[in-house]
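Asks: What follows is a structure written as structure tokens; I'll ask about it next.
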Amino acid sequence: MQNTNTFGVHYTLRRNKSKNGFSPIHARITINKSRVEMSMKYIIADVDWNSNKGCAKPKNNELKKLNTTLEEVRSKLVMVYHELIRGGDLITSEMVKDAYLGIGRFAPQIQKEEEEKKSLRWLMAEHNNIMQTVLTHGTLKNYYSTERYIHKFLDRNFKKKDINLEDISYAFLTNFEYYIRTTPLKQGDPCTNNGVMKHMERMKKISGWAEKNEWIPKDPFANYALKFKAVKTTFLELEELKLIEKKEFAIPMLENIRKIFIFSCYSGLSYVDVMSLNEENIVDGSDRFKWIKHKRAKTDISFNVPLLTAAEKILNEFADLIRKPGETNCFPSISNQEMNRGLKIIGEACEIKKQLTFHLARHTFATTITLANDVPIESISKMMGHTKITTTMIYAKVVNAKISKDMAVLSDKLQGNIRKLRVV
């Protein structure tokens, strides 16, 4: 008989037991209409808890470790649930809780079967299933791509569907790396070096997760080194940005993409943060500026950006945007793929040689708009929502390189003037 249970694990705070602003964390296990709570034996400051996501706000390493622990418990509860439904009995949330705690008639059987089924494909699927409520859609999609690579690699190189975790060796990892380099998931779209390393990095994270759960005796990545290549950061020069600002398009979609791109150039917001920007994020400051107060979807870090005149003008142009009831987004919804396809057309129309992507706007804000105009690196780091100032320092290197180039041109001009004076 097909299983139609609705199963879920959600973490919540028992605020009725709060003391001095700290509350205990409970796991709420739900199966259909059956619900039970289980104490996690942890307390947390109420201000450090994200009620919507059911996890700690990852402000520091301690809170990040707590989230990892919570996800490990969730993983085990999911495994317990799947083992119980294999038996065909009517399952309740209380049964899952008891089996997890090692009490009741199902506990010994589940413990034995859990120890037996530790394979690579099981690990990948388990990780991706658990992380659905933790990772963003875009990040989770990347893990699914790595999972597809694993399936294809096992089928081609091992002629089987799966492999035990204990059989993953250094040789396995290097062969898998070579397979990704030489076998694109999409025809004619091979991975770059850094694309390959991203797949291996995801594998490494999952492998470390398995070691922490004691599903493998040692991490096979112990002697494996990720080899990322430094990527040259590109940005628009002021002259190039002005070309795009002056260009107008009769096609509404292209015109919207052009304006939103310029808004990002003057605000530094990433694509996902621009798309989620709403009226509540625009506030009046005590100074002469309106401010963007938002959170980065990528890191959940808050950032504040003064709204420059060019950005505010574009925001006002979308003020009369026709929205669905209840919607407050500042800009129309445009997919990342549509956005970058449109930017390619815009770049060609403006005769800009650089490849225009939406992320280029963020680089332009950091360099041409701010650093080149003597805004301190610390202020830029805050506005961009970087967790570390070293991330922002990469733009300082780019600007220094530009200064060197500009000074070389100046030097040539000065030398030319000196030669002219000598001739006279």
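Residues are referred to by chain and number: the chain letter is A, B, ... according to the order shown in the structure tokens, the number counts from 1 in that chain, and ligands are numbered separately from 1 in the order shown.
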Which residues come within 6 Å of stretch 230-237 of chain A, counting only C-alpha atoms, excluding same-chain residues fewer than 5 positions away, as a PyMOL selection string?
Replies: chain A and resi 360+363-364
Asks: What's around A:Lys259 at 10 Å? Count only C-alpha atoms, leave out sequence neighbours fewer than 6 positions away in its own chain, and write the answer as a PyMOL selection string.
Replies: chain A and resi 244-245+248+265+311+313-315+317-318+331
Asks: Go ahead and dump the residues you just picked, N, CA and C atoms, as a CSV table (one decimal), in the first residue's frame.
Replies:
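Below is the file again28.csv, written as the result:
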```csv
chain,number,residue,atom,x,y,z
A,244,ILE,N,25.4,52.6,-20.7
A,244,ILE,CA,24.2,51.8,-20.4
A,244,ILE,C,23.1,52.7,-19.9
A,245,GLU,N,23.5,53.7,-19.1
A,245,GLU,CA,22.5,54.7,-18.5
A,245,GLU,C,21.8,55.5,-19.6
A,248,GLU,N,18.4,53.4,-24.3
A,248,GLU,CA,17.0,53.1,-23.9
A,248,GLU,C,16.5,52.0,-25.0
A,265,CYS,N,24.2,48.7,-9.8
A,265,CYS,CA,25.5,49.3,-9.9
A,265,CYS,C,25.6,50.5,-8.9
A,311,ALA,N,20.1,55.6,-7.9
A,311,ALA,CA,19.4,54.4,-7.5
A,311,ALA,C,17.9,54.8,-7.1
A,313,LYS,N,16.2,57.3,-8.2
A,313,LYS,CA,15.5,57.7,-9.4
A,313,LYS,C,14.8,56.5,-10.1
A,314,ILE,N,15.6,55.4,-10.2
A,314,ILE,CA,15.1,54.2,-10.8
A,314,ILE,C,14.0,53.6,-9.9
A,315,LEU,N,14.2,53.6,-8.6
A,315,LEU,CA,13.2,53.1,-7.7
A,315,LEU,C,11.9,53.8,-7.9
A,317,GLU,N,10.9,55.2,-10.6
A,317,GLU,CA,10.3,54.9,-11.9
A,317,GLU,C,9.4,53.6,-11.8
A,318,PHE,N,9.7,52.7,-10.8
A,318,PHE,CA,9.0,51.5,-10.6
A,318,PHE,C,7.9,51.6,-9.5
A,331,PHE,N,10.6,45.7,-7.6
A,331,PHE,CA,10.8,45.5,-9.0
A,331,PHE,C,10.0,44.3,-9.5
```
Asks: I need the residues in stretch 126-246 of chain A that are helix (DSSP H, G or I) according to DSSP; give them as a VMD selection string.
Replies: chain A and resid 126 to 133 137 to 158 165 to 167 170 to 182 193 to 212 220 to 223 238 to 246
Asks: Select from stretch 41-215 of chain A everything DSSP, run on the backbone, classes as strand (DSSP E or B), then give the selection as a PyMOL selection string.
Replies: chain A and resi 41-45+49-50+55-56+119+164
Asks: Mind giving me the straight-line distance from atom CA of A:Pro24 to atom CA of A:Asn213 in Å, one decimal?
Replies: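 Rounded to one decimal, the two atoms are 23.4 Å apart.
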Asks: Compare A:Asn129, A:Ser34, A:Gln187, A:Asn60 by their minimum atom-to-atom distance to A:Lys97, counting only C-alpha atoms, and give me the closest one.
Replies: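 Using only C-alpha atoms, A:Lys97 sits closest to A:Ser34.
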Asks: Please provide as a PDB file with N, CA and C atoms, in the first residue's frame all residues within 12 Å of A:Lys17, with the sequence filter that same-chain residues fewer than 3 positions apart are discarded (counting only C-alpha atoms).
Replies:
```
ATOM      1  N   LEU A  13      11.195  27.076  19.955  1.00  0.00           N
ATOM      2  CA  LEU A  13      11.566  27.452  21.316  1.00  0.00           C
ATOM      3  C   LEU A  13      10.354  27.327  22.232  1.00  0.00           C
ATOM      4  N   ARG A  14      10.574  26.815  23.423  1.00  0.00           N
ATOM      5  CA  ARG A  14       9.522  26.781  24.445  1.00  0.00           C
ATOM      6  C   ARG A  14       9.617  28.079  25.243  1.00  0.00           C
ATOM      7  N   ASN A  20      15.412  34.782  31.704  1.00  0.00           N
ATOM      8  CA  ASN A  20      16.418  35.810  31.388  1.00  0.00           C
ATOM      9  C   ASN A  20      16.694  35.914  29.895  1.00  0.00           C
ATOM     10  N   GLY A  21      15.649  35.747  29.094  1.00  0.00           N
ATOM     11  CA  GLY A  21      15.807  35.878  27.646  1.00  0.00           C
ATOM     12  C   GLY A  21      16.345  34.648  26.963  1.00  0.00           C
ATOM     13  N   PHE A  22      16.466  33.522  27.665  1.00  0.00           N
ATOM     14  CA  PHE A  22      16.934  32.261  27.083  1.00  0.00           C
ATOM     15  C   PHE A  22      15.801  31.235  27.147  1.00  0.00           C
ATOM     16  N   SER A  23      15.626  30.475  26.046  1.00  0.00           N
ATOM     17  CA  SER A  23      14.560  29.472  25.988  1.00  0.00           C
ATOM     18  C   SER A  23      15.116  28.124  25.552  1.00  0.00           C
ATOM     19  N   PRO A  24      14.503  27.019  26.023  1.00  0.00           N
ATOM     20  CA  PRO A  24      14.948  25.682  25.589  1.00  0.00           C
ATOM     21  C   PRO A  24      14.465  25.365  24.173  1.00  0.00           C
ATOM     22  N   ILE A  25      15.281  24.597  23.440  1.00  0.00           N
ATOM     23  CA  ILE A  25      14.945  24.191  22.074  1.00  0.00           C
ATOM     24  C   ILE A  25      14.253  22.830  22.110  1.00  0.00           C
ATOM     25  N   HIS A  26      13.148  22.714  21.404  1.00  0.00           N
ATOM     26  CA  HIS A  26      12.428  21.449  21.293  1.00  0.00           C
ATOM     27  C   HIS A  26      12.301  21.062  19.822  1.00  0.00           C
ATOM     28  N   SER A  39      12.632  17.385  23.901  1.00  0.00           N
ATOM     29  CA  SER A  39      13.612  18.368  24.329  1.00  0.00           C
ATOM     30  C   SER A  39      14.973  18.052  23.720  1.00  0.00           C
ATOM     31  N   ILE A  43      19.656  25.360  25.333  1.00  0.00           N
ATOM     32  CA  ILE A  43      18.951  26.632  25.457  1.00  0.00           C
ATOM     33  C   ILE A  43      19.673  27.652  24.588  1.00  0.00           C
ATOM     34  N   ILE A  44      18.932  28.681  24.183  1.00  0.00           N
ATOM     35  CA  ILE A  44      19.504  29.695  23.296  1.00  0.00           C
ATOM     36  C   ILE A  44      18.855  31.034  23.607  1.00  0.00           C
ATOM     37  N   ASP A  46      16.805  34.159  22.956  1.00  0.00           N
ATOM     38  CA  ASP A  46      15.669  34.345  22.044  1.00  0.00           C
ATOM     39  C   ASP A  46      16.044  35.171  20.817  1.00  0.00           C
TER      40      ASP A  46
END
```
Asks: Just the residues within 7 Å of A:Ala27, please, counting only C-alpha atoms, with nothing from its chain fewer than 4 positions along; format it as JSON, numbers by chain.
Replies: {"A": [9, 10, 11, 12, 37, 38, 39, 40]}
Asks: For a test of reading the model, state the distance in Å between atom CA of A:Ala297 and atom CA of A:Val272, rounded to one decimal.
Replies: 6.9 Å
Asks: Determine the nearest neighbour of A:Asn164 from the options A:Met79, A:Met339, A:Leu66, A:Leu123, counting only C-alpha atoms.
Replies: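 Among A:Met79, A:Met339, A:Leu66, A:Leu123, it is A:Leu123 that comes nearest to A:Asn164.
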Asks: Pick out the residues sitting within 10 Å of A:His151, and hand them over as an MDAnalysis selection string; count only C-alpha atoms, and ignore anything fewer than 6 positions along from it in its own chain.
Replies: chainID A and resid 120:121 160:162
Asks: Can those selected residues be exported to a file as a CSV table (one decimal), in the first residue's frame so that it contains N, CA and C atoms?
Replies:
```csv
chain,number,residue,atom,x,y,z
A,120,LEU,N,27.2,5.8,-0.4
A,120,LEU,CA,27.4,7.1,-0.9
A,120,LEU,C,26.1,7.8,-1.4
A,121,ARG,N,25.4,7.0,-2.2
A,121,ARG,CA,24.1,7.6,-2.7
A,121,ARG,C,23.1,7.9,-1.6
A,160,LYS,N,28.0,0.0,-11.2
A,160,LYS,CA,27.0,-0.3,-10.2
A,160,LYS,C,26.4,1.0,-9.7
A,161,LYS,N,25.3,0.8,-9.0
A,161,LYS,CA,24.5,2.0,-8.6
A,161,LYS,C,25.0,2.7,-7.4
A,162,ASP,N,25.8,2.0,-6.5
A,162,ASP,CA,26.2,2.6,-5.3
A,162,ASP,C,27.5,2.0,-4.8
```
Asks: I need the residue nearest A:Val398 from this list: A:Ala99, A:Met384, A:Leu371, A:Ile91. Use only C-alpha atoms for the distance.
Replies: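 Closest candidate: A:Leu371.
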Asks: Neighbours of A:Ile163 within 10 Å (only C-alpha atoms; same-chain residues fewer than 5 positions away dropped), as an MDAnalysis selection string?
Replies: chainID A and resid 118:122 154 158 168
